[in-house]
Structures are given as structure tokens and as C-alpha cells.
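Colleague: Sharing a structure with you now.
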Amino acid sequence: MFNTSQAPCTSKILRVGASIAGLRQIHNNASRIAVTALPMQQAANVALPRGPAFYVLQNHDTVYLGETVNAETRLIKHLGDPTKAFAREALVVTAFPEPWSNKLAPVFLQHRFWEIAQAAGQMNVANLQTPTIPAVPEDERGELERYFEDARQALFDAGCRAFDSVFESRCRAKVVVEADEDLVEPEGCDPMQIDVLVHPPAGGEFELRYTGLWARGYPEADGAFVVMPGSEFRSSINASTNKIVKTRRTQLKNAGALEEIPGSGRERLVVGVRFTSASVAGKVVTGAHVNSGVWVQRPHAQPILVVM
């Protein structure tokens with residue numbers, strides 16, 4: 001036996017169909033928690049447990065943590081959301097055998113697992129906003145914490161490595177965040193420059209980590225940030241973004257710097273563009289109120305010394 005402070009438990013996996021990576025449910029008889037795991041492409045064709053749920057969308061290095069009153073409709077909605085295009089698998093946490101009567105437990109789980117994922121640093125967390133901290137009645141806190149511990153074990157058994165893992169972190173080093181992320185363009189600075197020469201420094205190229213968009217760029221010594229040709233821009237622009245984002249998009253289109261990618265909800269940059277900062281570049285590329293942390297350094301092959 002292993003020496004552990006955890007009480008022994010047995011997780012049961014009910015697999016539906018012949019595919020090892022297909023639909024499956026994880027549960028143990030001592031718990032009121034069940035996890036249903038499924039490939040995202042099956043979300044529109046699977047009957048999920050009813051009632052409020054906490055869920056995880058994931059690929060190899062990115063997770064999104066959500067809560068809902070109806071997992072079936074929410075996952076179907078995510079299938080059409082380009083910001084969730086990164087997701088290859090969904091893990092849905094529900095009460096078992098009877099559903100929760102309200103969203104308190106899923107909201108509690110979303111915030112607790114968001115905290116754990118941030119502290120663990122194993123994977124990139126795609127949530128752009130901090131989940132709500134629920135007001136928990138004192139007499140229910142112990143029960144909710146038990147749900148959390150049971151869900152943590154079941155999610156690990158289902159294949160989630162965002163919270164607990166013996167693997168190395170899949171997070172990438174992030175570009176330094178500006179002191180004032182809301183300052184879109186300082187007064188007196190040079191405007192956006194279109195069709196600039198692109199010369200990324202060796203080993204200094206960054207990639208966008210915004211749920212499925214493909215974009216590359218690099219910082220310059222003066223704090224500016226160059227987005228490279230071939231990068232994808234999200235076509236839609238969130239209402240919460242600064243008005244300069246729409247202005248810059250219009251300038252890029254008028255200059256012929258953006259080409260539509262049919263049927264994708266995205267556009268492709270055909271020339272290099274120099275922005276005043278990584279934060280501004282991130283906002284214009286994603287059409288969202290993001291910060292410079294969406295740009296992370298790309299991994300590069302390291303030489304290996306072989307001694308014969």
C-alpha cells in the first residue's frame with residue numbers, strides 16, 4: 001500500500017461505446033459527484049446528466065472553467081464559439097445520482113478550481129475574467145468543500161492535469177505586463193505602423209494564447225510589439241473593448257492588410273504591423289479587452305550534448 005493521508009477510494013469508469021477516448025463517466029460509491037468526459041465533437045450528440053454543472057474544456061495545454069444550469073445546451077453553444085475552438089475534450093461535473101437544486105455548488109467549484117489552476121501553473125487558463133466568489137452559508141461550506149475534493153479526484157481520473165500532475169508545466173513564459181493595461185495608446189506615441197519589415201530576434205518569437213487564434217509576434221526594445229504576417233484576427237469585436245480597437249481594425253482593412261478567412265469568423269493579416277505595445281496588439285488581434293499576458297514565448301529546440 002502507498003503511504004498517503006487520503007482515504008482509499010475506488011473510482012468506477014463506465015465507458016459507452018468502443019472508443020477508449022470516447023464518452024465515459026467517472027464515479028465512486030462514496031461520493032455525490034460524477035464526471036462525464038467526452039470529445040467536444042460529440043457534444044451535440046450526447047445526452048448529459050441534467051441539472052446545474054461545473055465543467056472543464058481542455059486540450060493539451062489550455063483549460064477553460066465554466067458553470068451552467070444545463071451542460072448540454074452550454075457545450076453546444078461553445079461548439080460555435082471561436083474563442084473555445086481550442087477545446088478538444090469536455091469534463092462535466094454534476095451531482096450524483098440526483099442533480100443539485102441550484103447553481104451554488106457549480107459556482108463554488110468554478111472559483112475553487114480556478115484558484116487551484118492558477119496556483120498549480122500546470123496549464124494555461126483561458127478564462128479572461130475571475131470567476132465569481134459565491135456567498136456560501138456557513139452550514140454548507142463543509143459540504144461544498146467535500147464536493148470540491150471529490151471532484152478533484154474524479155477530474156484527475158478523467159484525465160485532467162490542470163490541477164494535479166507529475167508532468168512538467170505546459171504554461172509558457174509570458175511577456176511582461178504593462179503597468180497600466182487599460183492605457184491603450186499613450187499620448188504622443190507613434191501610431192500603428194502597417195506593412196513593416198519583420199525581423200523577429202532569434203529565440204524571441206511569441207505566440208498568442210487566446211483560445212484557438214493562431215498569431216505570432218515579437219517585442220521590440222522600445223516596448224513596441226510587431227504582429228507578423230499570417231496571424232489570425234477574430235472578426236467580431238467585444239462591446240467592452242476600447243473604441244481605438246475598432247478604429248485600428250478599420251485602418252487595417254482600408255489598407256488591405258486583412259483578408260477574410262471564409263466561414264471561420266476570422267481574418268488573416270497579410271503584412272507585418274507594429275503596435276505601441278503587446279497589450280494594444282492583443283486587443284486589436286482578439287477584439288477583446290485582454291492584456292499583454294495573451295502573448296507567450298514560443299518554445300525552441302535546445303541543443304543536446306551527446307557524450308560518446
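Quick note on naming: the chains in the C-alpha cells go A, B, ... in the order shown, residues restart at 1 in each chain, and ligands are numbered from 1 in order of appearance.
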Quick one: residues within 8 Å of stretch 114-116 of chain A, only C-alpha atoms, excluding same-chain residues fewer than 4 positions away - as an mmCIF file with all heavy atoms, in the first residue's frame?

Modeller:
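Final file, around-v3.cif:
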```cif
data_model
loop_
_atom_site.group_PDB
_atom_site.id
_atom_site.type_symbol
_atom_site.label_atom_id
_atom_site.label_comp_id
_atom_site.auth_asym_id
_atom_site.auth_seq_id
_atom_site.Cartn_x
_atom_site.Cartn_y
_atom_site.Cartn_z
ATOM 1 N N LEU A 65 -12.703 27.029 -17.494
ATOM 2 C CA LEU A 65 -13.511 26.533 -16.381
ATOM 3 C C LEU A 65 -14.842 27.272 -16.376
ATOM 4 O O LEU A 65 -14.876 28.508 -16.284
ATOM 5 C CB LEU A 65 -12.785 26.750 -15.052
ATOM 6 C CG LEU A 65 -11.308 26.302 -15.034
ATOM 7 C CD1 LEU A 65 -10.658 26.677 -13.726
ATOM 8 C CD2 LEU A 65 -11.208 24.807 -15.285
ATOM 9 N N GLN A 110 -16.294 26.307 -9.633
ATOM 10 C CA GLN A 110 -15.600 27.082 -10.658
ATOM 11 C C GLN A 110 -14.536 27.975 -10.028
ATOM 12 O O GLN A 110 -13.395 28.022 -10.490
ATOM 13 C CB GLN A 110 -16.590 27.923 -11.459
ATOM 14 C CG GLN A 110 -15.918 28.717 -12.587
ATOM 15 C CD GLN A 110 -16.818 29.768 -13.191
ATOM 16 O OE1 GLN A 110 -17.660 30.347 -12.502
ATOM 17 N NE2 GLN A 110 -16.655 30.035 -14.481
ATOM 18 N N ALA A 120 -1.339 26.137 -9.378
ATOM 19 C CA ALA A 120 -0.578 24.981 -9.862
ATOM 20 C C ALA A 120 0.311 25.346 -11.037
ATOM 21 O O ALA A 120 1.423 24.821 -11.179
ATOM 22 C CB ALA A 120 -1.530 23.851 -10.246
ATOM 23 N N VAL A 125 -4.802 28.992 -18.350
ATOM 24 C CA VAL A 125 -6.217 29.138 -18.034
ATOM 25 C C VAL A 125 -6.828 30.170 -18.982
ATOM 26 O O VAL A 125 -6.399 31.327 -19.007
ATOM 27 C CB VAL A 125 -6.428 29.563 -16.577
ATOM 28 C CG1 VAL A 125 -7.915 29.691 -16.260
ATOM 29 C CG2 VAL A 125 -5.783 28.545 -15.632
ATOM 30 N N THR A 130 -12.049 36.747 -13.694
ATOM 31 C CA THR A 130 -12.005 35.941 -12.476
ATOM 32 C C THR A 130 -13.402 35.446 -12.145
ATOM 33 O O THR A 130 -14.348 36.251 -12.077
ATOM 34 C CB THR A 130 -11.473 36.779 -11.297
ATOM 35 O OG1 THR A 130 -10.181 37.266 -11.621
ATOM 36 C CG2 THR A 130 -11.411 35.946 -10.031
ATOM 37 N N PRO A 131 -13.596 34.138 -11.937
ATOM 38 C CA PRO A 131 -14.925 33.631 -11.591
ATOM 39 C C PRO A 131 -15.456 34.261 -10.304
ATOM 40 O O PRO A 131 -14.702 34.656 -9.419
ATOM 41 C CB PRO A 131 -14.678 32.121 -11.406
ATOM 42 C CG PRO A 131 -13.488 31.833 -12.249
ATOM 43 C CD PRO A 131 -12.619 33.048 -12.143
ATOM 44 N N PHE A 163 -4.889 20.701 -12.479
ATOM 45 C CA PHE A 163 -4.875 20.944 -11.042
ATOM 46 C C PHE A 163 -3.847 20.101 -10.310
ATOM 47 O O PHE A 163 -3.239 20.555 -9.339
ATOM 48 C CB PHE A 163 -6.267 20.669 -10.461
ATOM 49 C CG PHE A 163 -7.384 21.215 -11.306
ATOM 50 C CD1 PHE A 163 -8.288 20.372 -11.935
ATOM 51 C CD2 PHE A 163 -7.515 22.582 -11.508
ATOM 52 C CE1 PHE A 163 -9.304 20.867 -12.726
ATOM 53 C CE2 PHE A 163 -8.523 23.099 -12.301
ATOM 54 C CZ PHE A 163 -9.421 22.243 -12.918
#
```

Colleague: In stretch 24-250 of chain A, what's strand (DSSP E) per DSSP? Answer as a PyMOL selection string?

Modeller: chain A and resi 24-27+33-39+53-58+62-68+89-95+124-125+193-196+206-208+216-219+225-227+232-234

Colleague: Of the candidates A:Gln297, A:Arg266, A:Val136, A:Gly142, which shows the shortest atom-to-atom distance to A:Ala202, using only C-alpha atoms?

Modeller: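 Using only C-alpha atoms, the shortest distance to A:Ala202 belongs to A:Gln297.
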
Colleague: Identify, on the basis of only C-alpha atoms, every residue whose closest approach to A:Gln25 does not exceed 8 Å; exclude the query and any residue fewer than 5 positions from it along the same chain; express the result as a ChimeraX atom specification.

Modeller: /A:12-15,34-37

Colleague: Can those selected residues be exported to a file as an mmCIF file, in the first residue's frame so that it contains C-alpha atoms?

Modeller:
```
data_model
loop_
_atom_site.group_PDB
_atom_site.id
_atom_site.type_symbol
_atom_site.label_atom_id
_atom_site.label_comp_id
_atom_site.auth_asym_id
_atom_site.auth_seq_id
_atom_site.Cartn_x
_atom_site.Cartn_y
_atom_site.Cartn_z
ATOM 1 C CA LYS A 12 -15.546 3.349 -11.445
ATOM 2 C CA ILE A 13 -15.393 4.211 -15.137
ATOM 3 C CA LEU A 14 -18.456 3.499 -17.252
ATOM 4 C CA ARG A 15 -17.384 3.624 -20.898
ATOM 5 C CA ALA A 34 -19.829 12.273 -11.090
ATOM 6 C CA VAL A 35 -17.678 13.423 -14.002
ATOM 7 C CA THR A 36 -18.788 12.861 -17.588
ATOM 8 C CA ALA A 37 -15.926 13.086 -20.104
#
```

Colleague: Determine, counting only C-alpha atoms, which protein, DNA and RNA residues have an atom within 12 Å of an atom of A:Gly121; residues of the same chain fewer than 4 positions away are not included. Present the result as a VMD selection string.

Modeller: chain A and resid 61 to 63 114 to 117 125 161 to 165 167 to 173

Colleague: Go ahead and save the picked residues with N, CA, C and O atoms, as a short mmCIF file (atom, residue, chain, number, x, y, z; two decimals), in the first residue's frame.

Modeller:
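Final output, again29.cif:
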```
data_model
loop_
_atom_site.label_atom_id
_atom_site.label_comp_id
_atom_site.auth_asym_id
_atom_site.auth_seq_id
_atom_site.Cartn_x
_atom_site.Cartn_y
_atom_site.Cartn_z
N ASP A 61 -2.70 21.90 -23.39
CA ASP A 61 -2.05 22.92 -22.56
C ASP A 61 -2.96 24.06 -22.10
O ASP A 61 -2.49 24.99 -21.46
N THR A 62 -4.25 24.02 -22.41
CA THR A 62 -5.15 25.11 -22.07
C THR A 62 -6.45 24.56 -21.50
O THR A 62 -6.95 23.53 -21.96
N VAL A 63 -6.98 25.25 -20.47
CA VAL A 63 -8.26 24.86 -19.89
C VAL A 63 -9.15 26.09 -19.77
O VAL A 63 -8.68 27.22 -19.61
N TRP A 114 -10.53 27.39 -10.30
CA TRP A 114 -9.77 28.48 -10.93
C TRP A 114 -8.59 28.86 -10.06
O TRP A 114 -7.47 29.04 -10.56
N GLU A 115 -8.80 28.96 -8.75
CA GLU A 115 -7.70 29.27 -7.82
C GLU A 115 -6.62 28.20 -7.87
O GLU A 115 -5.42 28.50 -7.92
N ILE A 116 -7.03 26.93 -7.87
CA ILE A 116 -6.08 25.81 -7.88
C ILE A 116 -5.29 25.80 -9.19
O ILE A 116 -4.08 25.61 -9.20
N ALA A 117 -5.97 26.03 -10.32
CA ALA A 117 -5.30 26.02 -11.62
C ALA A 117 -4.27 27.14 -11.71
O ALA A 117 -3.16 26.95 -12.24
N VAL A 125 -4.80 28.99 -18.35
CA VAL A 125 -6.22 29.14 -18.03
C VAL A 125 -6.83 30.17 -18.98
O VAL A 125 -6.40 31.33 -19.01
N ARG A 161 -5.22 17.42 -16.13
CA ARG A 161 -3.94 17.64 -15.46
C ARG A 161 -3.71 19.13 -15.16
O ARG A 161 -2.59 19.55 -14.96
N ALA A 162 -4.79 19.90 -15.09
CA ALA A 162 -4.65 21.33 -14.81
C ALA A 162 -4.47 21.62 -13.33
O ALA A 162 -3.93 22.66 -12.96
N PHE A 163 -4.89 20.70 -12.48
CA PHE A 163 -4.87 20.94 -11.04
C PHE A 163 -3.85 20.10 -10.31
O PHE A 163 -3.24 20.56 -9.34
N ASP A 164 -3.64 18.89 -10.75
CA ASP A 164 -2.67 17.97 -10.14
C ASP A 164 -1.97 17.20 -11.26
O ASP A 164 -2.64 16.69 -12.16
N SER A 165 -0.64 17.13 -11.19
CA SER A 165 0.08 16.43 -12.25
C SER A 165 1.52 16.18 -11.82
O SER A 165 2.10 16.95 -11.05
N PHE A 167 3.56 15.82 -14.38
CA PHE A 167 4.21 16.31 -15.60
C PHE A 167 4.76 17.71 -15.38
O PHE A 167 4.37 18.42 -14.45
N GLU A 168 5.65 18.11 -16.28
CA GLU A 168 6.13 19.48 -16.26
C GLU A 168 5.03 20.42 -16.72
O GLU A 168 4.14 20.05 -17.47
N SER A 169 5.10 21.67 -16.28
CA SER A 169 4.09 22.66 -16.64
C SER A 169 4.03 22.85 -18.14
O SER A 169 5.04 22.86 -18.83
N ARG A 170 2.78 23.02 -18.66
CA ARG A 170 2.58 23.34 -20.08
C ARG A 170 2.38 24.84 -20.29
O ARG A 170 2.13 25.27 -21.41
N CYS A 171 2.48 25.64 -19.22
CA CYS A 171 2.36 27.09 -19.37
C CYS A 171 3.64 27.62 -19.98
O CYS A 171 4.72 27.07 -19.78
N ARG A 172 3.52 28.70 -20.72
CA ARG A 172 4.66 29.35 -21.36
C ARG A 172 4.98 30.65 -20.65
O ARG A 172 4.12 31.30 -20.08
N ALA A 173 6.26 31.05 -20.73
CA ALA A 173 6.66 32.32 -20.15
C ALA A 173 5.92 33.46 -20.86
O ALA A 173 5.82 33.47 -22.08
#
```

Colleague: Calculated over only C-alpha atoms, which of the candidates A:Ser240, A:Glu220, A:Gly230, A:Thr276 has the smallest distance to A:Leu258?

Modeller: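 Using only C-alpha atoms, the shortest distance to A:Leu258 belongs to A:Gly230.
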
Colleague: To one decimal place, how far is atom CA of A:Pro52 from atom CA of A:Ser19 in Å?

Modeller: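 Going from atom CA of A:Pro52 over to atom CA of A:Ser19, I get 27.3 Å.
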